[in-house]
>>> print(open('structure.txt').read())   # compact mmCIF, C-alpha atoms
# COMPACT_ATOMS: atom_id res chain seq x y z
CA MET A 2 -116.44 -73.13 -92.70
CA GLN A 3 -114.72 -70.53 -94.76
CA ALA A 4 -115.67 -72.26 -98.03
CA ILE A 5 -119.31 -72.19 -96.97
CA ILE A 6 -119.27 -68.56 -95.80
CA GLU A 7 -117.65 -67.60 -99.09
CA GLY A 8 -120.17 -69.63 -101.09
CA CYS A 9 -123.01 -67.80 -99.35
CA ARG A 10 -121.37 -64.44 -99.94
CA ALA A 11 -120.72 -65.18 -103.61
CA GLY A 12 -124.32 -66.29 -104.10
CA SER A 13 -123.52 -69.87 -105.13
CA ILE A 14 -125.22 -71.05 -101.92
CA PRO A 15 -128.61 -69.35 -101.38
CA ALA A 16 -128.16 -69.09 -97.61
CA GLU A 17 -126.58 -66.95 -94.95
CA VAL A 18 -124.19 -68.02 -92.20
CA VAL A 19 -125.59 -66.25 -89.15
CA VAL A 20 -123.49 -67.69 -86.34
CA VAL A 21 -120.44 -69.86 -85.68
CA VAL A 22 -120.41 -71.63 -82.32
CA SER A 23 -117.39 -73.22 -80.69
CA ASP A 24 -116.67 -74.86 -77.36
CA VAL A 25 -113.09 -73.58 -77.53
CA ALA A 26 -112.59 -69.89 -76.72
CA SER A 27 -109.42 -69.65 -78.79
CA ALA A 28 -110.79 -71.53 -81.82
CA PRO A 29 -109.44 -69.89 -84.99
CA ALA A 30 -112.88 -70.51 -86.55
CA LEU A 31 -114.42 -67.90 -84.24
CA GLU A 32 -111.87 -65.27 -85.24
CA ARG A 33 -112.18 -66.22 -88.87
CA ALA A 34 -115.98 -65.97 -88.72
CA ARG A 35 -115.77 -62.52 -87.16
CA SER A 36 -113.37 -61.40 -89.88
CA PHE A 37 -116.19 -62.19 -92.32
CA GLY A 38 -118.65 -60.21 -90.22
CA VAL A 39 -120.27 -63.40 -88.92
CA GLU A 40 -121.06 -63.61 -85.24
CA GLY A 41 -118.75 -66.01 -83.35
CA VAL A 42 -120.11 -67.46 -80.13
CA PHE A 43 -118.06 -69.31 -77.56
CA VAL A 44 -120.12 -71.61 -75.34
CA ASP A 45 -117.98 -72.54 -72.37
CA PRO A 46 -118.52 -76.21 -71.42
CA ASN A 47 -117.11 -75.52 -67.96
CA ARG A 48 -120.02 -73.23 -67.16
CA PHE A 49 -122.45 -76.17 -67.31
CA ALA A 50 -123.06 -79.08 -64.98
CA GLY A 51 -123.13 -81.65 -67.74
CA ARG A 52 -123.48 -82.43 -71.40
CA ARG A 53 -127.20 -81.95 -71.45
CA GLU A 54 -126.93 -78.45 -70.02
CA PHE A 55 -124.19 -77.56 -72.48
CA ASP A 56 -126.31 -78.92 -75.36
CA ARG A 57 -129.25 -76.80 -74.22
CA ALA A 58 -127.12 -73.67 -74.12
CA VAL A 59 -125.99 -74.27 -77.69
CA LEU A 60 -129.53 -75.10 -78.73
CA ARG A 61 -130.75 -71.88 -77.21
CA ALA A 62 -128.06 -69.86 -78.98
CA LEU A 63 -129.12 -71.36 -82.30
CA GLU A 64 -132.84 -70.99 -81.72
CA GLU A 65 -132.48 -67.38 -80.66
CA ARG A 66 -130.87 -66.71 -84.03
CA ARG A 67 -133.53 -68.75 -85.86
CA VAL A 68 -130.94 -71.06 -87.32
CA ASP A 69 -132.41 -73.47 -89.86
CA LEU A 70 -129.41 -75.66 -90.63
CA VAL A 71 -126.57 -76.68 -88.29
CA LEU A 72 -123.23 -77.68 -89.80
CA LEU A 73 -120.74 -79.57 -87.68
CA ALA A 74 -117.15 -79.07 -88.68
CA GLY A 75 -114.38 -80.25 -86.42
CA PHE A 76 -116.80 -80.21 -83.50
CA MET A 77 -115.40 -82.89 -81.20
CA ARG A 78 -118.30 -83.25 -78.79
CA ILE A 79 -121.14 -85.69 -79.26
CA LEU A 80 -124.46 -83.89 -79.16
CA GLY A 81 -127.13 -85.63 -77.10
CA PRO A 82 -130.45 -87.03 -78.33
CA GLU A 83 -132.39 -83.91 -77.35
CA PHE A 84 -130.19 -81.76 -79.58
CA VAL A 85 -130.31 -84.31 -82.40
CA ARG A 86 -134.10 -84.40 -82.21
CA ALA A 87 -134.37 -80.63 -82.35
CA PHE A 88 -132.38 -80.53 -85.59
CA ARG A 89 -133.25 -83.83 -87.19
CA GLY A 90 -132.84 -83.52 -90.95
CA ARG A 91 -131.41 -80.04 -90.33
CA MET A 92 -127.94 -80.88 -89.03
CA MET A 93 -125.04 -82.09 -91.15
CA ASN A 94 -121.60 -83.42 -90.38
CA ILE A 95 -118.62 -84.15 -92.58
CA HIS A 96 -116.43 -87.15 -91.90
CA PRO A 97 -113.08 -87.94 -93.54
CA SER A 98 -113.86 -91.48 -94.74
CA LEU A 99 -116.28 -93.31 -97.00
CA LEU A 100 -118.78 -94.16 -94.30
CA PRO A 101 -119.78 -96.67 -93.02
CA ALA A 102 -116.06 -97.51 -93.15
CA PHE A 103 -113.89 -95.94 -90.43
CA PRO A 104 -116.30 -93.97 -88.25
CA GLY A 105 -115.02 -92.16 -85.18
CA LEU A 106 -111.66 -90.61 -84.55
CA GLU A 107 -108.61 -90.60 -86.82
CA ALA A 108 -110.49 -91.95 -89.81
CA GLN A 109 -107.58 -91.29 -92.17
CA ARG A 110 -105.18 -93.26 -89.97
CA GLN A 111 -107.73 -96.06 -89.63
CA ALA A 112 -108.01 -96.25 -93.43
CA LEU A 113 -104.24 -96.36 -93.89
CA GLU A 114 -103.80 -99.03 -91.25
CA TYR A 115 -106.58 -101.15 -92.71
CA GLY A 116 -104.88 -100.93 -96.09
CA VAL A 117 -107.76 -99.71 -98.28
CA LYS A 118 -106.97 -98.51 -101.79
CA TYR A 119 -109.65 -95.80 -101.76
CA SER A 120 -110.97 -93.58 -99.03
CA GLY A 121 -112.76 -90.25 -99.16
CA CYS A 122 -115.23 -88.15 -97.25
CA THR A 123 -118.92 -88.18 -96.42
CA VAL A 124 -121.45 -85.44 -95.70
CA HIS A 125 -124.34 -86.89 -93.73
CA PHE A 126 -127.29 -85.84 -91.66
CA VAL A 127 -126.62 -86.31 -87.97
CA ASP A 128 -128.58 -88.94 -86.08
CA GLU A 129 -128.14 -90.39 -82.61
CA GLY A 130 -125.15 -92.54 -83.57
CA VAL A 131 -121.55 -91.64 -84.25
CA ASP A 132 -121.20 -90.97 -88.01
CA THR A 133 -124.21 -93.17 -88.80
CA GLY A 134 -126.78 -90.77 -90.26
CA PRO A 135 -128.20 -90.73 -93.80
CA ILE A 136 -125.52 -89.95 -96.39
CA ILE A 137 -125.96 -86.81 -98.49
CA LEU A 138 -122.80 -86.73 -100.60
CA GLN A 139 -119.55 -88.67 -100.75
CA ALA A 140 -116.29 -88.15 -102.61
CA VAL A 141 -113.67 -90.78 -103.34
CA VAL A 142 -109.93 -90.28 -102.90
CA PRO A 143 -107.30 -92.84 -103.89
CA VAL A 144 -104.86 -93.95 -101.21
CA SER A 145 -101.30 -94.03 -102.47
CA GLU A 146 -98.68 -96.43 -101.18
CA ASP A 147 -96.49 -93.73 -99.75
CA ASP A 148 -99.33 -91.87 -98.06
CA THR A 149 -99.04 -90.91 -94.42
CA ALA A 150 -102.12 -90.04 -92.37
CA GLU A 151 -101.16 -86.41 -93.02
CA THR A 152 -100.87 -86.58 -96.82
CA LEU A 153 -104.06 -88.63 -97.05
CA ALA A 154 -105.89 -86.18 -94.78
CA GLU A 155 -104.76 -83.31 -96.98
CA ARG A 156 -106.05 -84.98 -100.16
CA ILE A 157 -109.35 -85.78 -98.46
CA LEU A 158 -109.65 -82.22 -97.13
CA ALA A 159 -109.62 -80.83 -100.66
CA GLU A 160 -112.73 -82.94 -101.37
CA GLU A 161 -114.33 -81.92 -98.07
CA HIS A 162 -114.04 -78.31 -99.16
CA ARG A 163 -115.86 -79.23 -102.35
CA ILE A 164 -118.72 -81.47 -101.14
CA TYR A 165 -119.67 -79.74 -97.89
CA PRO A 166 -120.58 -76.43 -99.59
CA GLU A 167 -122.29 -78.47 -102.32
CA ALA A 168 -124.42 -80.30 -99.75
CA VAL A 169 -125.38 -76.99 -98.12
CA ARG A 170 -126.31 -75.57 -101.49
CA LEU A 171 -128.57 -78.56 -102.23
CA TYR A 172 -130.23 -78.19 -98.83
CA ALA A 173 -130.73 -74.44 -99.29
CA GLU A 174 -132.24 -75.08 -102.71
CA GLY A 175 -134.69 -77.55 -101.14
CA ARG A 176 -133.31 -80.38 -103.20
CA LEU A 177 -132.57 -83.02 -100.55
CA ALA A 178 -135.26 -85.65 -99.97
CA VAL A 179 -134.62 -88.07 -97.11
CA GLU A 180 -136.32 -91.45 -97.58
CA GLY A 181 -135.39 -93.69 -94.68
CA ARG A 182 -131.62 -93.96 -94.84
CA ARG A 183 -131.40 -92.84 -98.45
CA VAL A 184 -131.01 -89.22 -99.44
CA ARG A 185 -132.21 -88.36 -102.91
CA VAL A 186 -131.01 -85.26 -104.74
CA LEU A 187 -133.88 -83.65 -106.60
CA ALA A 188 -133.30 -82.02 -109.97
CA GLY A 189 -132.65 -78.30 -109.75
CA SER A 190 -134.54 -75.65 -111.67
CA GLY A 191 -131.30 -74.55 -113.29
CA GLY A 192 -130.86 -77.98 -114.75
CA ARG A 193 -127.75 -78.55 -112.69
CA ARG A 194 -127.83 -81.90 -111.01
CA SER A 195 -125.40 -83.19 -108.47
CA ASP A 196 -124.01 -86.69 -108.53
CA MET B 14 -113.36 -117.53 -113.53
CA GLN B 15 -113.70 -117.31 -117.24
CA ALA B 16 -111.93 -113.95 -117.39
CA ILE B 17 -108.98 -115.45 -115.53
CA ILE B 18 -108.80 -118.61 -117.64
CA GLU B 19 -108.91 -116.45 -120.75
CA GLY B 20 -106.23 -114.12 -119.39
CA CYS B 21 -103.96 -117.10 -118.76
CA ARG B 22 -104.64 -118.48 -122.23
CA ALA B 23 -104.02 -115.13 -123.90
CA GLY B 24 -100.74 -114.72 -122.04
CA SER B 25 -101.73 -111.55 -120.20
CA ILE B 26 -101.56 -113.52 -116.93
CA PRO B 27 -98.37 -115.63 -116.66
CA ALA B 28 -100.11 -118.55 -114.96
CA GLU B 29 -102.17 -121.61 -115.71
CA VAL B 30 -105.56 -122.55 -114.28
CA VAL B 31 -105.11 -126.23 -113.44
CA VAL B 32 -108.30 -127.07 -111.59
CA VAL B 33 -111.70 -125.64 -110.70
CA VAL B 34 -113.29 -127.03 -107.54
CA SER B 35 -116.94 -126.70 -106.56
CA ASP B 36 -119.11 -128.06 -103.78
CA VAL B 37 -122.10 -128.08 -106.14
CA ALA B 38 -122.21 -130.91 -108.68
CA SER B 39 -124.29 -128.94 -111.14
CA ALA B 40 -122.26 -125.72 -110.86
CA PRO B 41 -122.02 -124.11 -114.31
CA ALA B 42 -118.41 -123.18 -113.46
CA LEU B 43 -117.41 -126.85 -113.61
CA GLU B 44 -118.90 -127.29 -117.06
CA ARG B 45 -117.45 -123.99 -118.20
CA ALA B 46 -113.99 -125.00 -116.94
CA ARG B 47 -114.14 -128.30 -118.76
CA SER B 48 -115.15 -126.53 -121.96
CA PHE B 49 -111.80 -124.71 -121.65
CA GLY B 50 -109.99 -128.00 -121.11
CA VAL B 51 -109.54 -127.23 -117.39
CA GLU B 52 -110.21 -130.01 -114.93
CA GLY B 53 -113.44 -129.52 -112.96
CA VAL B 54 -113.64 -131.28 -109.61
CA PHE B 55 -116.79 -131.66 -107.55
CA VAL B 56 -116.14 -132.23 -103.85
CA ASP B 57 -119.37 -133.49 -102.31
CA PRO B 58 -119.89 -131.98 -98.83
CA ASN B 59 -122.33 -134.76 -97.98
CA ARG B 60 -119.56 -137.32 -98.16
CA PHE B 61 -117.80 -135.80 -95.16
CA ALA B 62 -118.61 -135.84 -91.46
CA GLY B 63 -118.01 -132.12 -91.04
CA ARG B 64 -116.47 -128.96 -92.32
CA ARG B 65 -112.97 -129.90 -91.32
CA GLU B 66 -113.10 -133.15 -93.29
CA PHE B 67 -114.54 -131.35 -96.29
CA ASP B 68 -111.79 -128.71 -96.08
CA ARG B 69 -109.16 -131.45 -95.98
CA ALA B 70 -110.58 -133.12 -99.09
CA VAL B 71 -110.40 -129.83 -100.98
CA LEU B 72 -106.92 -129.17 -99.62
CA ARG B 73 -105.80 -132.62 -100.77
CA ALA B 74 -107.24 -132.05 -104.26
CA LEU B 75 -105.32 -128.78 -104.54
CA GLU B 76 -102.07 -130.14 -103.13
CA GLU B 77 -102.13 -133.16 -105.42
CA ARG B 78 -102.23 -130.75 -108.35
CA ARG B 79 -99.49 -128.57 -106.81
CA VAL B 80 -101.73 -125.53 -106.85
CA ASP B 81 -99.87 -122.37 -105.88
CA LEU B 82 -102.72 -119.84 -105.75
CA VAL B 83 -106.34 -120.45 -104.75
CA LEU B 84 -109.02 -118.07 -106.03
CA LEU B 85 -112.39 -118.00 -104.37
CA ALA B 86 -115.24 -116.92 -106.63
CA GLY B 87 -118.80 -117.39 -105.53
CA PHE B 88 -117.67 -120.04 -103.05
CA MET B 89 -120.26 -119.81 -100.29
CA ARG B 90 -118.56 -121.93 -97.63
CA ILE B 91 -116.25 -120.55 -95.01
CA LEU B 92 -112.93 -122.37 -95.11
CA GLY B 93 -111.57 -123.30 -91.70
CA PRO B 94 -108.33 -122.09 -90.08
CA GLU B 95 -106.39 -125.16 -91.20
CA PHE B 96 -107.17 -124.43 -94.83
CA VAL B 97 -106.47 -120.73 -94.41
CA ARG B 98 -103.09 -121.50 -92.82
CA ALA B 99 -102.14 -123.84 -95.65
CA PHE B 100 -102.73 -121.11 -98.23
CA ARG B 101 -101.93 -117.95 -96.29
CA GLY B 102 -100.87 -115.25 -98.73
CA ARG B 103 -101.78 -117.65 -101.55
CA MET B 104 -105.57 -117.48 -101.48
CA MET B 105 -107.64 -114.59 -102.79
CA ASN B 106 -111.30 -113.70 -102.64
CA ILE B 107 -113.33 -111.03 -104.40
CA HIS B 108 -116.11 -109.25 -102.57
CA PRO B 109 -118.71 -106.91 -104.10
CA SER B 110 -118.18 -103.91 -101.81
CA LEU B 111 -115.48 -101.48 -100.78
CA LEU B 112 -114.34 -103.42 -97.75
CA PRO B 113 -114.34 -102.99 -94.79
CA ALA B 114 -117.84 -101.69 -95.60
CA PHE B 115 -120.54 -104.33 -96.10
CA PRO B 116 -118.79 -107.66 -95.49
CA GLY B 117 -120.76 -110.89 -95.66
CA LEU B 118 -123.80 -111.74 -97.72
CA GLU B 119 -125.73 -109.48 -100.09
CA ALA B 120 -123.17 -106.71 -100.01
CA GLN B 121 -124.81 -104.83 -102.86
CA ARG B 122 -128.16 -104.82 -101.07
CA GLN B 123 -126.48 -103.76 -97.83
CA ALA B 124 -124.86 -100.83 -99.67
CA LEU B 125 -128.15 -99.73 -101.21
CA GLU B 126 -130.00 -99.96 -97.93
CA TYR B 127 -127.30 -98.01 -96.12
CA GLY B 128 -127.56 -95.31 -98.75
CA VAL B 129 -123.91 -94.95 -99.81
CA LYS B 130 -123.12 -92.93 -102.91
CA TYR B 131 -120.20 -95.13 -103.95
CA SER B 132 -119.62 -98.83 -103.64
CA GLY B 133 -117.33 -101.16 -105.55
CA CYS B 134 -115.40 -104.38 -105.18
CA THR B 135 -112.37 -105.64 -103.35
CA VAL B 136 -109.83 -108.39 -104.07
CA HIS B 137 -108.18 -109.48 -100.85
CA PHE B 138 -106.06 -112.23 -99.42
CA VAL B 139 -108.12 -114.59 -97.30
CA ASP B 140 -107.50 -114.70 -93.58
CA GLU B 141 -109.45 -116.32 -90.73
CA GLY B 142 -112.20 -113.67 -90.76
CA VAL B 143 -115.07 -113.09 -93.15
CA ASP B 144 -113.88 -110.62 -95.82
CA THR B 145 -111.24 -109.18 -93.48
CA GLY B 146 -107.93 -110.08 -95.15
CA PRO B 147 -105.30 -107.69 -96.60
CA ILE B 148 -106.65 -105.74 -99.57
CA ILE B 149 -104.92 -106.23 -102.92
CA LEU B 150 -107.03 -104.12 -105.29
CA GLN B 151 -110.28 -102.19 -105.13
CA ALA B 152 -112.46 -100.54 -107.72
CA VAL B 153 -115.06 -97.84 -107.11
CA VAL B 154 -118.54 -97.83 -108.63
CA PRO B 155 -121.04 -94.98 -108.22
CA VAL B 156 -124.45 -95.86 -106.81
CA SER B 157 -127.24 -94.22 -108.73
CA GLU B 158 -130.55 -93.20 -107.20
CA ASP B 159 -132.60 -95.61 -109.25
CA ASP B 160 -130.30 -98.58 -108.67
CA THR B 161 -131.73 -101.87 -107.51
CA ALA B 162 -129.53 -104.51 -105.92
CA GLU B 163 -129.49 -106.15 -109.36
CA THR B 164 -128.39 -103.13 -111.42
CA LEU B 165 -125.77 -102.22 -108.83
CA ALA B 166 -124.50 -105.81 -108.76
CA GLU B 167 -124.20 -105.76 -112.53
CA ARG B 168 -122.15 -102.56 -112.55
CA ILE B 169 -119.91 -103.91 -109.80
CA LEU B 170 -119.50 -107.23 -111.63
CA ALA B 171 -117.97 -105.45 -114.62
CA GLU B 172 -115.26 -104.13 -112.28
CA GLU B 173 -114.83 -107.55 -110.65
CA HIS B 174 -114.04 -108.96 -114.08
CA ARG B 175 -111.36 -106.31 -114.43
CA ILE B 176 -109.61 -106.31 -111.05
CA TYR B 177 -109.63 -110.03 -110.23
CA PRO B 178 -107.59 -111.00 -113.31
CA GLU B 179 -105.39 -107.97 -112.63
CA ALA B 180 -104.72 -109.13 -109.06
CA VAL B 181 -103.86 -112.64 -110.31
CA ARG B 182 -101.51 -111.16 -112.89
CA LEU B 183 -99.71 -109.13 -110.22
CA TYR B 184 -99.40 -112.21 -108.04
CA ALA B 185 -98.10 -114.33 -110.93
CA GLU B 186 -95.56 -111.64 -111.75
CA GLY B 187 -94.35 -111.70 -108.15
CA ARG B 188 -95.35 -108.09 -107.63
CA LEU B 189 -97.47 -108.27 -104.47
CA ALA B 190 -95.69 -107.52 -101.20
CA VAL B 191 -97.76 -108.02 -98.05
CA GLU B 192 -96.65 -105.84 -95.15
CA GLY B 193 -98.94 -106.44 -92.20
CA ARG B 194 -102.38 -105.45 -93.46
CA ARG B 195 -101.05 -103.40 -96.36
CA VAL B 196 -100.41 -104.91 -99.78
CA ARG B 197 -97.88 -103.07 -101.88
CA VAL B 198 -97.76 -103.42 -105.66
CA LEU B 199 -94.15 -103.56 -106.83
CA ALA B 200 -93.18 -101.93 -110.13
CA GLY B 201 -93.22 -104.35 -113.04
CA SER B 202 -90.34 -104.92 -115.44
CA GLY B 203 -92.55 -103.87 -118.34
CA GLY B 204 -93.07 -100.47 -116.77
CA ARG B 205 -96.77 -101.11 -116.34
CA ARG B 206 -97.89 -100.25 -112.91
CA SER B 207 -101.26 -100.96 -111.39
CA ASP B 208 -103.17 -98.47 -109.36
>>> encode(input="structure.txt", output="structure tokens")
Amino acid sequence: MQAIIEGCRAGSIPAEVVVVVSDVASAPALERARSFGVEGVFVDPNRFAGRREFDRAVLRALEERRVDLVLLAGFMRILGPEFVRAFRGRMMNIHPSLLPAFPGLEAQRQALEYGVKYSGCTVHFVDEGVDTGPIILQAVVPVSEDDTAETLAERILAEEHRIYPEAVRLYAEGRLAVEGRRVRVLAGSGGRRSD
Amino acid sequence: MQAIIEGCRAGSIPAEVVVVVSDVASAPALERARSFGVEGVFVDPNRFAGRREFDRAVLRALEERRVDLVLLAGFMRILGPEFVRAFRGRMMNIHPSLLPAFPGLEAQRQALEYGVKYSGCTVHFVDEGVDTGPIILQAVVPVSEDDTAETLAERILAEEHRIYPEAVRLYAEGRLAVEGRRVRVLAGSGGRRSD
């Protein structure tokens, strides 16, 4: 979150972070956002009868602020189909594995236990499934033999901080073309081109 | 196959290829093997009542020649549990994806259709599942936007030719330690160390 706010501030991402929403009142992200002058909104899940009502409250908060792009980051709830529909092609998530390998929770631990030699992270558009949407960017990270879930997670996180802002930049520059499951990166006017 | 025979001949792999077995009489691999002075054996599936009998005939052919390590390469039959047990930890396969992503047939096409940004290949020990055994080595290959299944397969194949001989070398040097699902590469006496 901070990397993206900073990218927007510095002008490397032509966008503005207008609101950070959390379902945890004490989330450090809310405080951090406010320290950057970004509005932090806590939506209390206990105030709603069910998931759908909670989703609608979040949706309303975003629509009121005319949010164009939603970025999930450490958001541990699954958003329902209504929410997904409202932001189809306009909602991203980052996942700490090379999807489709190791979706779901504790991806780094899953990778270690499976015994892969490479893992990484994936920025993808969100669809109705869990970590199944069209892939925007991926980064590869080698797994070393003495890795723990923690050391692997740390190495992956460094790449997450690189590719998530990059994906947002490409979106803000209008350079992501979704064709079925495949996301194409269009050439930029500045001649920069992402891999 | 040829890369491994050549590696053995050149001395970079301390092993000898004693026999190549195919279930296809006209398989070019048999002719190629013979051109290297390696015995090529055709085991005719039609001569056997079922898969188990076929497996046993192959097993017998290998045991008669005191084969230590079995390498699957383009072998499109699934070997039964009896065969797998006989060569547990002594039978490798190479698969054209970063397993556990895209097991089974047409892995390169699966990867393209899913829309991943990186694929690759995996050398693994064979267990009872399809492409599920402990991973020995992997190599990563970027997927480009104009890739077809054919161009991607070609790029992956170049890496297959690199890591399969490397995995055989490590095995022949006694440097592979299987611990559950994880395969550790032990340091070599020559100071070379694989990634």
>>> closest_residue(input="structure.txt", among="A:Arg170, A:Arg156, A:Arg185, A:Arg78", to="Val129 of chain B", atoms="all atoms listed in the file")
A:Arg185
>>> interface_residues(input="structure.txt", of="chain A", to="chain B", cutoff="9 Å", atoms="all atoms listed in the file", output="list in words")
Leu99, Leu100, Pro101, Ala102, Phe103, Leu113, Glu114, Tyr115, Gly116, Val117, Lys118, Tyr119, Pro135, Ile136, Ile137, Leu138, Gln139, Ala140, Val141, Pro143, Ser145, Glu146, Gly181, Arg182, Arg183, Val184, Arg185, Val186 and Asp196 of chain A
>>> write_last_selection(input="structure.txt", atoms="C-alpha atoms", output="short mmCIF file (atom, residue, chain, number, x, y, z; two decimals), in the frame of the given file")
data_model
loop_
_atom_site.label_atom_id
_atom_site.label_comp_id
_atom_site.auth_asym_id
_atom_site.auth_seq_id
_atom_site.Cartn_x
_atom_site.Cartn_y
_atom_site.Cartn_z
CA LEU A 99 -116.28 -93.31 -97.00
CA LEU A 100 -118.78 -94.16 -94.30
CA PRO A 101 -119.78 -96.67 -93.02
CA ALA A 102 -116.06 -97.51 -93.15
CA PHE A 103 -113.89 -95.94 -90.43
CA LEU A 113 -104.24 -96.36 -93.89
CA GLU A 114 -103.80 -99.03 -91.25
CA TYR A 115 -106.58 -101.15 -92.71
CA GLY A 116 -104.88 -100.93 -96.09
CA VAL A 117 -107.76 -99.71 -98.28
CA LYS A 118 -106.97 -98.51 -101.79
CA TYR A 119 -109.65 -95.80 -101.76
CA PRO A 135 -128.20 -90.73 -93.80
CA ILE A 136 -125.52 -89.95 -96.39
CA ILE A 137 -125.96 -86.81 -98.49
CA LEU A 138 -122.80 -86.73 -100.60
CA GLN A 139 -119.55 -88.67 -100.75
CA ALA A 140 -116.29 -88.15 -102.61
CA VAL A 141 -113.67 -90.78 -103.34
CA PRO A 143 -107.30 -92.84 -103.89
CA SER A 145 -101.30 -94.03 -102.47
CA GLU A 146 -98.68 -96.43 -101.18
CA GLY A 181 -135.39 -93.69 -94.68
CA ARG A 182 -131.62 -93.96 -94.84
CA ARG A 183 -131.40 -92.84 -98.45
CA VAL A 184 -131.01 -89.22 -99.44
CA ARG A 185 -132.21 -88.36 -102.91
CA VAL A 186 -131.01 -85.26 -104.74
CA ASP A 196 -124.01 -86.69 -108.53
#
>>> residues_around(input="structure.txt", residues="segment 59-76 of chain B", least_positions_apart="6", cutoff="12 Å", atoms="all atoms listed in the file", output="ChimeraX atom specification")
/B:30-38,52-53,82-84,90-100,104
>>> write_last_selection(input="structure.txt", atoms="C-alpha atoms", output="mmCIF file, in the coordinates of the input")
data_model
loop_
_atom_site.group_PDB
_atom_site.id
_atom_site.type_symbol
_atom_site.label_atom_id
_atom_site.label_comp_id
_atom_site.auth_asym_id
_atom_site.auth_seq_id
_atom_site.Cartn_x
_atom_site.Cartn_y
_atom_site.Cartn_z
ATOM 1 C CA VAL B 30 -105.560 -122.550 -114.280
ATOM 2 C CA VAL B 31 -105.110 -126.230 -113.440
ATOM 3 C CA VAL B 32 -108.300 -127.070 -111.590
ATOM 4 C CA VAL B 33 -111.700 -125.640 -110.700
ATOM 5 C CA VAL B 34 -113.290 -127.030 -107.540
ATOM 6 C CA SER B 35 -116.940 -126.700 -106.560
ATOM 7 C CA ASP B 36 -119.110 -128.060 -103.780
ATOM 8 C CA VAL B 37 -122.100 -128.080 -106.140
ATOM 9 C CA ALA B 38 -122.210 -130.910 -108.680
ATOM 10 C CA GLU B 52 -110.210 -130.010 -114.930
ATOM 11 C CA GLY B 53 -113.440 -129.520 -112.960
ATOM 12 C CA LEU B 82 -102.720 -119.840 -105.750
ATOM 13 C CA VAL B 83 -106.340 -120.450 -104.750
ATOM 14 C CA LEU B 84 -109.020 -118.070 -106.030
ATOM 15 C CA ARG B 90 -118.560 -121.930 -97.630
ATOM 16 C CA ILE B 91 -116.250 -120.550 -95.010
ATOM 17 C CA LEU B 92 -112.930 -122.370 -95.110
ATOM 18 C CA GLY B 93 -111.570 -123.300 -91.700
ATOM 19 C CA PRO B 94 -108.330 -122.090 -90.080
ATOM 20 C CA GLU B 95 -106.390 -125.160 -91.200
ATOM 21 C CA PHE B 96 -107.170 -124.430 -94.830
ATOM 22 C CA VAL B 97 -106.470 -120.730 -94.410
ATOM 23 C CA ARG B 98 -103.090 -121.500 -92.820
ATOM 24 C CA ALA B 99 -102.140 -123.840 -95.650
ATOM 25 C CA PHE B 100 -102.730 -121.110 -98.230
ATOM 26 C CA MET B 104 -105.570 -117.480 -101.480
#
>>> atom_distance(input="structure.txt", atom1="atom CA of Pro178 of chain B", atom2="atom CA of Ile17 of chain B")
5.2 Å
>>> closest_residue(input="structure.txt", among="B:Ser202, B:Asn106, B:His174, B:Glu167", to="Val143 of chain B", atoms="only C-alpha atoms")
B:Asn106
>>> atom_distance(input="structure.txt", atom1="atom CA of Phe37 of chain A", atom2="atom CA of Ile164 of chain A")
21.4 Å
>>> atom_distance(input="structure.txt", atom1="atom CA of Ala108 of chain A", atom2="atom CA of Phe126 of chain A")
18.0 Å
>>> residues_around(input="structure.txt", residues="Glu167 of chain A", least_positions_apart="4", cutoff="10 Å", atoms="all atoms listed in the file", output="number ranges by chain")
A: 5, 8, 13-14, 124, 137-138, 161-163, 171-173, 195
>>> write_last_selection(input="structure.txt", atoms="C-alpha atoms", output="compact mmCIF listing (two decimals), in the frame of the given file")
# COMPACT_ATOMS: atom_id res chain seq x y z
CA ILE A 5 -119.31 -72.19 -96.97
CA GLY A 8 -120.17 -69.63 -101.09
CA SER A 13 -123.52 -69.87 -105.13
CA ILE A 14 -125.22 -71.05 -101.92
CA VAL A 124 -121.45 -85.44 -95.70
CA ILE A 137 -125.96 -86.81 -98.49
CA LEU A 138 -122.80 -86.73 -100.60
CA GLU A 161 -114.33 -81.92 -98.07
CA HIS A 162 -114.04 -78.31 -99.16
CA ARG A 163 -115.86 -79.23 -102.35
CA LEU A 171 -128.57 -78.56 -102.23
CA TYR A 172 -130.23 -78.19 -98.83
CA ALA A 173 -130.73 -74.44 -99.29
CA SER A 195 -125.40 -83.19 -108.47
>>> closest_residue(input="structure.txt", among="B:Gln123, B:Val191, B:Pro27, B:Met14", to="Thr161 of chain B", atoms="only C-alpha atoms")
B:Gln123
